[in-house]
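K.L.:
Starting off with a structure, shown below.
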Amino acid sequence: MSRTTAPARTPESAAAPPSAPPPGRRRLGRKHREWLAAGLFLAPDAIGLLIFVGLPMVLSIVLAFYQVSGFGSYTWVGLGNYERMMNDPLFWDSLKITGIYVVVLVPVLFCVSLGLGLLVKQKLPGMSVYRTALFLPYVVSLVVVGLLWKFMLDEQVGVVNRAIRGLGFEGRSWLGEPSLALAALIAVMVWVSMGYYMIIFLAGLQDIPREYYEAARIDGAGGWTAFRTITWPLLRPTSFFVLLMSTVAAITGGLDLIFVLTNGGPANGTSLAIFYIYQQAFVFGEYGYAAAMGSVLVLIMLVFSAVIFAVTRGGRFDDDR
């Protein structure tokens with residue numbers, strides 16, 4: 001009886017051939033799958049930004065060329081709103097007040113937040129409680145903050161004036177004089193925001209390796225030398241972020257606090273540009289004029305941001321020569 005011998009199996013023939021994809025279908029590569037997944041995750045936020053931020057910005061630019069009445073009628077005026085803005089002394093006063101507000105608020109807030117960040121970085125008993133207490137004002141509604149400080153700064157029954165009179169000095173009308181009202185507004189805004197920027201500085205400080213400070217201590221460097229040669233240079237990206245965000249917030253934010261605390265007064269002493277725009281739009285119904293002023297305010301904000309980018313070199317570590 002004859003026996004047939006099976007052909008020897010080679011390594012090439014032992015491995016099963018890969019199954020070919022069905023005709024008309026191609027498998028995505030790994031890089032393309034990652035891009036697709038990233039796009040699907042980002043799509044909800046991107047769509048939301050497009051609908052709720054991008055589209056209103058475009059519509060506001062278009063609206064700036066119209067005069068809108070309170071009954072919803074639109075009249076094309078071209079550059080008429082911008083011409084009116086150039087001849088509006090109250091608008092220029094609001095820009096001047098905004099400039100003073102930004103120039104004072106941003107450096108003070110930067111220094112206070114940095115100092116608090118350095119303070120709460122220390123390992124002292126109960127430091128977590130102090131961090132929480134300093135951050136709490138930021139999570140409170142600005143309307144509540146405004147009502148609280150309006151009561152505390154009251155000329156007759158306010159806690160601040162009572163404390164001053166207890167020390168033998170005369171109380172002041174903190175919200176009744178234009179210069180004092182603006183200073184009070186800046187102080188309250190520093191009190192509200194310092195906890196948030198303190199946390200940002202604290203995160204930047206904790207990213208600096210401790211070995212740098214230990215080496216500096218071995219070399220005999222003191223606290224100020226270590227701050228000047230180690231902390232400050234390595235904190236440039238964090239400082240850049242704080243400067244940029246606090247400037248943008250100072251120019252475009254704080255409307256509800258101004259509305260509750262001073263309502264733009266006294267004598268328009270705290271009528272920042274954002275508050276004046278709000279008045280023109282929602283008090284007097286001048287939506288087209290408010291849109292024109294809003295576009296100019298955004299342009300000013302972009303100029304400030306560009307200056308910060310140029311001065312700080314975007315918070316880079318390297319020294320360009």
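Naming scheme: A, B, ... for chains in displayed order of the structure tokens; residues 1 onward per chain; ligands 1 onward as shown.
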Counting only C-alpha atoms, which residues of stretch 177-295 of chain A sit at most 8 Å from some atom of stretch 84-100 of chain A, and what is each one's closest atom pair with its distance in Å to one decimal, listed by chain and rising residue number, as a tab-separated table?
P.N.:
```
residue	atom	partner	partner_atom	distance
A:Ile251	CA	A:Thr98	CA	6.9
A:Gly269	CA	A:Ile97	CA	7.4
A:Thr270	CA	A:Ile97	CA	7.0
A:Ser271	CA	A:Ser94	CA	5.7
A:Leu272	CA	A:Ser94	CA	4.8
A:Ala273	CA	A:Ser94	CA	4.8
A:Tyr276	CA	A:Ser94	CA	6.9
A:Tyr289	CA	A:Met85	CA	7.7
A:Met293	CA	A:Met85	CA	7.1
```
K.L.:
If you keep N, CA and C atoms, can you produce a file of those selected residues as a PDB file, in the first residue's frame?
P.N.:
```
ATOM      1  N   ILE A 251      -9.691  94.889  31.588  1.00  0.00           N
ATOM      2  CA  ILE A 251     -10.267  95.695  30.513  1.00  0.00           C
ATOM      3  C   ILE A 251     -11.717  95.310  30.240  1.00  0.00           C
ATOM      4  N   GLY A 269     -17.111 108.654  37.969  1.00  0.00           N
ATOM      5  CA  GLY A 269     -15.728 108.408  38.385  1.00  0.00           C
ATOM      6  C   GLY A 269     -15.302 106.971  38.272  1.00  0.00           C
ATOM      7  N   THR A 270     -16.249 106.035  38.249  1.00  0.00           N
ATOM      8  CA  THR A 270     -15.924 104.622  38.071  1.00  0.00           C
ATOM      9  C   THR A 270     -16.592 104.039  36.827  1.00  0.00           C
ATOM     10  N   SER A 271     -16.944 104.910  35.898  1.00  0.00           N
ATOM     11  CA  SER A 271     -17.577 104.449  34.658  1.00  0.00           C
ATOM     12  C   SER A 271     -16.506 103.984  33.691  1.00  0.00           C
ATOM     13  N   LEU A 272     -16.096 102.733  33.832  1.00  0.00           N
ATOM     14  CA  LEU A 272     -15.126 102.160  32.917  1.00  0.00           C
ATOM     15  C   LEU A 272     -15.760 101.991  31.539  1.00  0.00           C
ATOM     16  N   ALA A 273     -14.930 101.726  30.540  1.00  0.00           N
ATOM     17  CA  ALA A 273     -15.434 101.612  29.173  1.00  0.00           C
ATOM     18  C   ALA A 273     -16.467 100.500  29.058  1.00  0.00           C
ATOM     19  N   TYR A 276     -19.720 101.807  30.417  1.00  0.00           N
ATOM     20  CA  TYR A 276     -20.335 102.794  29.526  1.00  0.00           C
ATOM     21  C   TYR A 276     -20.969 102.108  28.317  1.00  0.00           C
ATOM     22  N   TYR A 289     -24.343 101.679  18.435  1.00  0.00           N
ATOM     23  CA  TYR A 289     -23.274 102.498  19.006  1.00  0.00           C
ATOM     24  C   TYR A 289     -22.466 101.686  20.022  1.00  0.00           C
ATOM     25  N   MET A 293     -18.370 100.741  19.953  1.00  0.00           N
ATOM     26  CA  MET A 293     -17.442 100.941  21.061  1.00  0.00           C
ATOM     27  C   MET A 293     -16.846  99.618  21.524  1.00  0.00           C
TER      28      MET A 293
END
```
K.L.:
Taking the DSSP secondary structure from the backbone, can you list the residues of stretch 21-244 of chain A that are alpha helix (DSSP H), as a ChimeraX atom specification?
P.N.:
/A:30-49,55-63,80-86,89-120,127-139,142-152,159-166,178-206,210-218,223-226,232-234,236-244
K.L.:
So that I can check the surroundings of stretch 134-144 of chain A, please list as a VMD selection string every protein, DNA and RNA residue that reaches within 6 Å of it, counting only C-alpha atoms and ignoring chain neighbours fewer than 4 positions away.
P.N.:
chain A and resid 192 to 193 195 257
K.L.:
Given only C-alpha atoms, how would the per-residue table for stretch 85-144 of chain A near stretch 240-247 of chain A read, listing every residue at most 8 Å away with its closest atom pair and distance in Å to one decimal, sorted by chain and number, as a Markdown table?
P.N.:
```
| residue | atom | partner | partner_atom | distance |
| --- | --- | --- | --- | --- |
| A:Val102 | CA | A:Thr247 | CA | 6.7 |
| A:Val106 | CA | A:Ser246 | CA | 6.2 |
| A:Phe110 | CA | A:Leu243 | CA | 7.1 |
```
K.L.:
Which neighbours of A:Leu302 fall inside 10 Å, counting only C-alpha atoms, when residues of the same chain fewer than 6 positions from it are skipped, and could you give them as a count of residues only?
P.N.:
3
K.L.:
Could you list, as a VMD selection string, every residue within 9 Å of A:Tyr278, counting only C-alpha atoms and ignoring same-chain residues fewer than 5 positions away?
P.N.:
chain A and resid 255 273 283 290
